[in-house]
Amino acid sequence: METTTYTAGILQYIPFFYVIWSDDLLSYSEISVVKNAIKNDDTLTKEDLSYLLKNLDKKKPPSYQEIKHWKQVISHSKIKLVESDVYPLATFSQNMICHHFEACPFNNHLKDIEINLGIQPNHYNHLFEVQIIKVTSSSFYNPLEIDNILKGEHAPVVDAFRDVLKDPIFKWSIRREKSAFRAHVLKQVTFLAKEGYGAMAYPEAYGGTDNMPAYAAVFENMMYVDGSMAIKFGVQFGLFGGSIQKLGTKLHHDTYLSETGKATILGCFAMTETGHGSNVRGIKTTATFDKETDSIVIHTPGENDNKEYIGNALDSTMASVFAQLIVEGKNHGVHAILVNIRDAEHKLMPGVTIEDNGYKLGLNGVDNGKIWFHQVRVPRENLLNKYGDITPKGRYHSDIENPSKRFFTMLGTLVGGRICVARAGLGGAKKALAIAVKHALKRRQFNDSIKVQEDLLMDYPSHQLRLTPAIASCYVYDITLTHMMKLYSDTTVPDKRKVETQVAGLKSIITWFANDTIQECREACGGKGYLMENQIADLKGDVDIFTTFEGDNHVLLQLAAKGVLSDFKSELNSDGFTAVLKLLGARISDTLTTINPAYTNNVDTVHLYSSKFHKDAFDYRTRRLTYTIAMRIRDYIKKGIPSYQAFLKVQTHLLELGKAYSVELAYNTYIDFTATIEEEKNRLLFEKLGILYALNELKKDASWYLEQGYISGTKSKALRKRVERLSTELRPHIGTLVDGFGIPEHCMQAPIAK
């Protein structure tokens with residue numbers, strides 16, 4: 001039977017009949033709704049009415065052949081159903097009539113059926129062979145191009161790594177028993193080592209490519225698989241292996257580096273202590289040189305002086321132990337010493353005690369533990385001696401005479417770990433956003449009672465405001481961290497103190513951002529976001545520790561602020577506070593520029609979107625906070641308050657300066673990068689993301705700018721409105737933007753993201 005054998009009256013009801021009989025779940029009340037609409041449809045002939053009513057009998061439903069024929073009629077029409085239409089099925093039916101007949105008025109009776117039965121496209125789109133047009137995201141931008149911009153020169157390495165992640169060993173599943181979880185993660189890390197990724201940052205002579213920036217890019221991608229795998233990998237190859245590479249010399253490299261990269265030697269990084277946390281300089285573990293035996297004795301002096309929260313502690317055979325090096329009765333400060341903690345049979349070495357930290361909020365695939373040393377003796381050569389050595393005659397020697405400078409130079413070589421932690425947090429935020437956005441582009445809720453189809457979550461302005469600024473921040477922080485790793489890896493600049501200061505602040509604001517974003521994504525997905533299968537729960541638990549891992553964020557922000565105060569030249573310790581003040585007195589005095597009145601009330605779009613305005617505002621906040629802190633400290637010291645106590649009194653002020661400096665650094669780095677994007681379309685997109693980031697950050701600090709008279713209430717309101725407007729403008733491209741993160745499809749295993 002051809003479609004033309006149906007009259008126009010019957011044909012327009014065919015899509016409805018096909019939908020309502022396909023699931024065979026029509027109730028008598030629902031059939032009554034359809035019958036009433038048909039009986040009131042005065043456009044139908046008696047023959048039309050007879051046919052339609054005959055096919056609404058629950059006792060004698062349409063035959064399988066009849067339903068199959070309806071499906072063929074629909075399919076042969078080649079009409080596309082537009083999901084975003086106000087009345088999708090009624091409009092589809094009208095378009096079918098228009099395809100076969102000249103007269104094709106819209107039938108309000110069909111609309112009534114669609115409304116009263118609550119039929120929505122997501123209920124029936126699986127029934128149609130014809131294409132259903134889902135206008136959820138624009139194709140104006142290409143996510144592959146965006147991803148390539150972010151990957152930059154590391155694209156070949158990152159793409160190859162993403163292919164490796166297709167191996168079944170990386171398939172995510174819910175794992176709650178820590179022993180089995182840890183065993184699986186160890187297998188994953190060993191697998192990656194065999195593929196050459198463990199040694200990537202090491203010199204070619206030791207199996208690597210000497211490419212730390214590519215290592216960092218790959219490290220972020222590990223978060224798309226599992227946080228435990230990423231951190232276990234980072235501890236083994238980045239922290240333990242990195243300490244050998246950065247703090248050791250050729251003897252250590254030749255002996256340990258290749259085997260570490262292959263994971264045939266498993267190691268841990270034993271720095272943090274229970275009683276001292278982030279105060280590395282104050283750790284109590286001792287490494288005393290014994291001249292008679294030409295050995296170093298490692299000892300934990302007190303009950304709370306043990307190493308704490310040491311990743312890889314249960315699997316490792318060796319530890320890079322940070323301790324106070326004592327030679328000839330003199331303490332030369334913190335140094336790192338390699339210590340065998342287990343023998344070939346994986347039994348603890350004499351004098352070594354290790355306890356499991358047990359279950360944690362997240363990262364339960366990582367074997368964290370506590371370590372005590374009781375008079376553990378190691379050869380003198382186990383001292384990682386790049387910056388401080390013990391000669392064969394038993395004398396301490398260092399090319400860096402100043403102990404403070406030596407200490408910070410040593411720690412500065414390990415800044416790469418903080419960059420990687422920030423990248424891991426960013427990776428967690430990206431994945432959470434991708435899951436939340438993909439869910440919001442499918443999930444519907446509420447409408448205006450006129451449309452049959454409920455609205456997509458992503459079409460609500462409030463939802464856009466929750467997710468879009470965070471996506472913009474991800475782009476800004478991605479570019480910034482890539483740039484910082486490039487600076488850190490630049491061997492032509494041996495002094496890493498400036499980079500260390502910058503990374504300290506960035507690590508803080510980015511890991512806090514990651515936690516806030518993941519929580520917002522969890523809530524944006526409702527109860528679905530709370531389910532383990534949708535992975536946001538694991539991301540929450542795993543990323544949470546990054547705010548205190550590799551340095552507590554509050555401590556790091558103070559480090560960044562002190563770097564600003566001293567112009568990156570003082571030694572950033574309590575003994576150097578007076579020097580900091582002298583430098584400030586000479587550099588700052590009263591040189592702050594006067595606020596330009598034209599800025600205070602200017603709400604013009606061109607002005608608000610101008611990078612000059614953003615830079616001026618960020619710069620003003622950083623300089624103003626710097627100046628006021630300096631003046632407060634000066635006044636305290638004039639009153640006889642010791643410099644250390646003076647700094648404690650402005651501690652919260654220091655935190656605000658650290659944040660302000662880091663936001664300004666991130667924005668300026670990003671803006672410099674966007675100017676290098678050659679393709680205009682993509683450059684303009686990246687610029688818009690930068691504008692949204694800047695305005696959103698200014699909005700967060702609007703109260704401070706209002707207090708300073710830098711902006712007026714009118715301008716503060718305009719900032720808020722522009723953030724909302726930009727979030728709405730980016731709505732058509734929101735799917736493309738999260739796809740632009742480049743998260744492999746095989747790593748997006750959350751059911752709500754499919």
# chains A, B, ... in the order shown; residues from 1 in each chain; ligands from 1

$ residues_around --residues "Tyr13 of chain A" --least-positions-apart "6" --cutoff "9 Å" --atoms "only C-alpha atoms" --output "list in words"
Leu52, Ala90, Ser93 and Leu110 of chain A

$ residues_around --residues "Cys525 of chain A" --least-positions-apart "2" --cutoff "9 Å" --atoms "only C-alpha atoms" --output "count of residues only"
14

$ residues_around --residues "Thr517 of chain A" --least-positions-apart "3" --cutoff "10 Å" --atoms "only C-alpha atoms" --output "list of chain:residue names"
A:Leu426, A:Gly428, A:Ala429, A:Lys430, A:Ala432, A:Leu433, A:Arg466, A:Leu467, A:Pro469, A:Ala470, A:Ile471, A:Cys474, A:Thr511, A:Trp512, A:Phe513, A:Ala514, A:Glu520, A:Cys521, A:Arg522, A:Glu523, A:Lys540

$ write_last_selection --atoms "N, CA and C atoms" --output "short mmCIF file (atom, residue, chain, number, x, y, z; two decimals), in the first residue's frame"
data_model
loop_
_atom_site.label_atom_id
_atom_site.label_comp_id
_atom_site.auth_asym_id
_atom_site.auth_seq_id
_atom_site.Cartn_x
_atom_site.Cartn_y
_atom_site.Cartn_z
N LEU A 426 42.83 20.28 37.34
CA LEU A 426 42.17 20.84 36.17
C LEU A 426 41.54 19.74 35.33
N GLY A 428 40.41 16.93 36.43
CA GLY A 428 39.19 16.50 37.13
C GLY A 428 38.04 17.45 36.89
N ALA A 429 38.33 18.76 36.91
CA ALA A 429 37.28 19.76 36.66
C ALA A 429 36.75 19.64 35.24
N LYS A 430 37.65 19.44 34.29
CA LYS A 430 37.23 19.31 32.89
C LYS A 430 36.30 18.12 32.71
N ALA A 432 34.45 16.58 34.97
CA ALA A 432 33.17 16.83 35.63
C ALA A 432 32.30 17.75 34.79
N LEU A 433 32.90 18.79 34.21
CA LEU A 433 32.15 19.72 33.36
C LEU A 433 31.63 19.03 32.11
N ARG A 466 26.02 28.55 35.94
CA ARG A 466 26.71 27.62 36.84
C ARG A 466 27.91 26.96 36.16
N LEU A 467 27.78 26.71 34.85
CA LEU A 467 28.80 25.90 34.18
C LEU A 467 29.70 26.66 33.22
N PRO A 469 31.05 29.90 32.98
CA PRO A 469 32.26 30.58 33.46
C PRO A 469 33.35 29.59 33.89
N ALA A 470 32.94 28.46 34.44
CA ALA A 470 33.92 27.44 34.84
C ALA A 470 34.63 26.86 33.63
N ILE A 471 33.89 26.68 32.54
CA ILE A 471 34.51 26.18 31.30
C ILE A 471 35.53 27.19 30.79
N CYS A 474 38.64 26.94 32.75
CA CYS A 474 39.45 25.77 32.37
C CYS A 474 40.38 26.10 31.20
N THR A 511 43.49 24.45 42.15
CA THR A 511 42.95 23.28 42.85
C THR A 511 41.69 23.64 43.63
N TRP A 512 41.63 24.86 44.17
CA TRP A 512 40.37 25.30 44.79
C TRP A 512 39.27 25.42 43.74
N PHE A 513 39.62 25.99 42.60
CA PHE A 513 38.66 26.09 41.50
C PHE A 513 38.15 24.71 41.10
N ALA A 514 39.05 23.75 41.02
CA ALA A 514 38.67 22.39 40.61
C ALA A 514 37.66 21.79 41.58
N GLU A 520 29.90 21.89 41.95
CA GLU A 520 28.83 22.51 41.17
C GLU A 520 28.29 21.54 40.13
N CYS A 521 29.18 20.79 39.51
CA CYS A 521 28.77 19.80 38.51
C CYS A 521 27.94 18.69 39.14
N ARG A 522 28.35 18.28 40.34
CA ARG A 522 27.58 17.25 41.04
C ARG A 522 26.14 17.72 41.25
N GLU A 523 25.99 18.94 41.74
CA GLU A 523 24.67 19.48 41.99
C GLU A 523 23.90 19.70 40.70
N LYS A 540 35.21 14.01 43.01
CA LYS A 540 35.14 14.83 44.22
C LYS A 540 36.12 14.34 45.26
#

$ closest_residue --among "A:Gly505, A:Gly207, A:Gly388, A:Pro744" --to "Leu665 of chain A" --atoms "only C-alpha atoms"
A:Gly505

$ select_by_dssp --residues "segment 75-311 of chain A" --states "helix (DSSP H, G or I)" --output "ChimeraX atom specification"
/A:75-77,88-100,108-117,121-127,143-164,168-170,178-194,204-206,212-222,227-247,250-261,280-282

$ closest_residue --among "A:Lys68, A:Tyr620, A:Ser662, A:Gly351" --to "Val19 of chain A" --atoms "only C-alpha atoms"
A:Lys68

$ select_by_dssp --residues "segment 5-157 of chain A" --states "strand (DSSP E or B)" --output "PyMOL selection string"
chain A and resi 81-82+132-133

$ write_last_selection --atoms "N, CA, C and O atoms" --output "CSV table (one decimal), in the first residue's frame"
chain,number,residue,atom,x,y,z
A,81,LEU,N,11.8,15.1,11.9
A,81,LEU,CA,11.1,15.6,13.1
A,81,LEU,C,12.1,16.6,13.8
A,81,LEU,O,13.2,16.2,14.1
A,82,VAL,N,11.6,17.8,14.1
A,82,VAL,CA,12.4,18.8,14.8
A,82,VAL,C,12.1,18.8,16.3
A,82,VAL,O,11.0,19.2,16.7
A,132,ILE,N,16.0,12.7,13.5
A,132,ILE,CA,15.3,13.6,14.4
A,132,ILE,C,16.4,14.7,14.6
A,132,ILE,O,17.5,14.5,15.1
A,133,ILE,N,16.0,15.9,14.3
A,133,ILE,CA,16.9,17.1,14.4
A,133,ILE,C,16.9,17.5,15.9
A,133,ILE,O,15.9,17.9,16.4

$ atom_distance --atom1 "atom CA of Val218 of chain A" --atom2 "atom CA of Gly238 of chain A"
12.3 Å

$ residues_around --residues "Asn357 of chain A" --least-positions-apart "3" --cutoff "12 Å" --atoms "only C-alpha atoms" --output "list in words"
Lys178, Thr274, Lys307, Glu308, Tyr309, Ile310, Gly311, Asn312, Ala313, Leu314, Ile354, Lys360, Leu361, Leu363, Asn364, Val366, Asp367, Asn368, Gly369, Lys370 and Ile371 of chain A

$ atom_distance --atom1 "atom CA of Tyr256 of chain A" --atom2 "atom CA of Phe237 of chain A"
11.6 Å

$ residues_around --residues "Glu47 of chain A" --least-positions-apart "6" --cutoff "10 Å" --atoms "only C-alpha atoms" --output "PyMOL selection string"
chain A and resi 7+9-10

$ residues_around --residues "Ala214 of chain A" --least-positions-apart "3" --cutoff "10 Å" --atoms "only C-alpha atoms" --output "list in words"
Lys151, Glu153, His154, Ala155, Pro156, Val157, Val158, Met200, Ala201, Thr209, Asp210, Asn211, Ala217, Val218, Phe219, Thr482, Met485 and Lys486 of chain A

$ residues_around --residues "Ser398 of chain A" --least-positions-apart "3" --cutoff "8 Å" --atoms "only C-alpha atoms" --output "list in words"
Tyr387, Gly388, Asp389 and Glu401 of chain A

$ write_last_selection --atoms "C-alpha atoms" --output "PDB file, in the first residue's frame"
ATOM      1  CA  TYR A 387      73.376  20.858  45.984  1.00  0.00           C
ATOM      2  CA  GLY A 388      75.207  19.523  49.034  1.00  0.00           C
ATOM      3  CA  ASP A 389      77.745  16.704  49.398  1.00  0.00           C
ATOM      4  CA  GLU A 401      77.064  28.696  50.753  1.00  0.00           C
TER       5      GLU A 401
END

$ closest_residue --among "A:Phe289, A:Phe181, A:Tyr609, A:Tyr477" --to "Arg377 of chain A" --atoms "only C-alpha atoms"
A:Phe289

$ closest_residue --among "A:His463, A:Lys246, A:Lys659, A:His614" --to "Lys507 of chain A" --atoms "only C-alpha atoms"
A:Lys659

$ closest_residue --among "A:Ala230, A:Leu457, A:Ala646, A:Leu556" --to "Arg418 of chain A" --atoms "only C-alpha atoms"
A:Leu556

$ closest_residue --among "A:Gln12, A:Gln749, A:Gln502, A:Ser63" --to "Tyr488 of chain A" --atoms "only C-alpha atoms"
A:Gln502
